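Heads up, the thing below is written out as structure tokens.
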Amino acid sequence: MEKKKILDEIEQAFPEKVLETSAPFGEETVELRPGALLKVVEFLRKKPYEFTMLLDLTCVDFPERDERFEMVYHIYSLALNRRLRIKLSLPEDKASLDSLTPLWKNANWLEREAFDMFGVRFEGHPDLRRLFMNEDFKGHPLRKEYPLRKRQPLIPLRKSP
Amino acid sequence: MPENFIATKFNHILGWARKYSLFHYPYITACCGMEYMSTACAHFDIDRFGAGWTRFSPRQSDLLLVVGTISQKQAPILKIVYDQMTEPKWVMAIGACAVSGGIYDNYAVVQGVDQVIPVDIYVPGCPPRPEIILDGLLKLQDKIQKQKHDWRWKKRKS
């Protein structure tokens, strides 16, 4: 299957859900409207694409944008030996999207990480708790507004001599 | 025979005995652990300096080696390990992260283990080579030799 073909086929299948397709450095990327994720991913999991593997799922914070959180998904097709990147932009006041846990088990912890670090909510996630930070941690440390030197120690700290 | 003459000599011999029989407890959390392993094994051989016995129980050890990054979540555990050690005890912070937090000036990492427990000797380096860890050990031995030792069990007011 040619490079251009997958992107074109996604665009044809979901004309109103795809914002943009591109292939920077030969890495195929699809930008979707928020809310379109689950349908598109289900479509891509089926034949003839068989993107059956979720490689990574993460978030990027762009505080200067209106839709500041950009979710990035990397999926992989074992049948075609190809990768695909999916991006979605979310505004701060509505930072939530569909969970991929019904499709992939490993999405569970990846989504917990994104929730812990950025505060993005995943609807339909079975157990959306913090993954790395402790339960009492205030804020989301990878958001740009989190102060660089803010510490939340678990025990009272001594003064360094 | 003057009384103080005997007291200092006994202190000297206690220091000599203690500095050459350090049982260490390696608290390894990061990559500096590789350098510790190389220091402890036959090639560099920490046993030449009387610190060859690694005790994997803090209750049986008197030198705590903090090797690697201590995160905020790790700090209470380190404190418990230190409190479990019996007196006399010494602490060696090995590597930039244990000394000062190193490159990790962020939300997750304690900026030096001296914010959690008292530290006797700091070994810098990212990671420190085995030679500098041994050098730190020798300097700690000097410190132990010079310090005033309590040789009777002293009741501490808690």
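Naming scheme: A, B, ... for chains in displayed order of the structure tokens; residues 1 onward per chain; ligands 1 onward as shown.
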
**Report entry** Close residues, Lys150 (chain A) itself excluded, 12 Å, only C-alpha atoms, min 3 positions apart in chain, as a ChimeraX atom specification
**Finding:** /A:137-142,145-147,153 /B:72,105-111

Within 8 Å of chain B, which residues of chain A are there when counting only C-alpha atoms? Please give them as a short mmCIF file (atom, residue, chain, number, x, y, z; two decimals) with C-alpha atoms, in the first residue's frame.
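Contents of result15.cif, freshly written:
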```cif
data_model
loop_
_atom_site.label_atom_id
_atom_site.label_comp_id
_atom_site.auth_asym_id
_atom_site.auth_seq_id
_atom_site.Cartn_x
_atom_site.Cartn_y
_atom_site.Cartn_z
CA MET A 133 2.55 11.05 41.59
CA ASN A 134 1.04 10.34 44.98
CA PRO A 141 3.33 18.74 36.92
CA LEU A 148 9.38 24.80 37.97
CA ARG A 149 10.65 24.72 41.54
CA LYS A 150 7.44 23.85 43.34
CA ARG A 151 7.96 20.84 45.60
CA GLN A 152 5.36 18.77 47.40
CA PRO A 153 7.37 16.63 49.82
CA LEU A 154 5.77 13.68 51.57
CA ILE A 155 7.82 14.11 54.76
CA LEU A 157 12.46 18.12 54.81
CA ARG A 158 15.54 19.19 56.73
CA LYS A 159 17.45 22.27 55.74
CA SER A 160 20.53 21.47 53.72
CA PRO A 161 23.61 22.37 55.79
#
```

Query raised in the report: Running DSSP on the backbone, which parts of chain A land in strand (DSSP E or B), as a ChimeraX atom specification?
Result: /A:18-22,29-32,53-61,69-77,82-90,96-98,121-123

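Restricting the calculation to only C-alpha atoms, the smallest distance between Thr29 (chain B) and any of B:Cys97, B:Ile144, B:Leu138, B:Val123 is found for B:Cys97.
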
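Interatomic distance, CA of Glu131 (chain B) against CA of Arg48 (chain B): 12.8 Å.
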
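Proximity to Asp135 (chain B) was assessed for B:Tyr122, B:Trp90, B:Tyr82, B:Trp16 counting only C-alpha atoms; the smallest distance is recorded for B:Tyr122.
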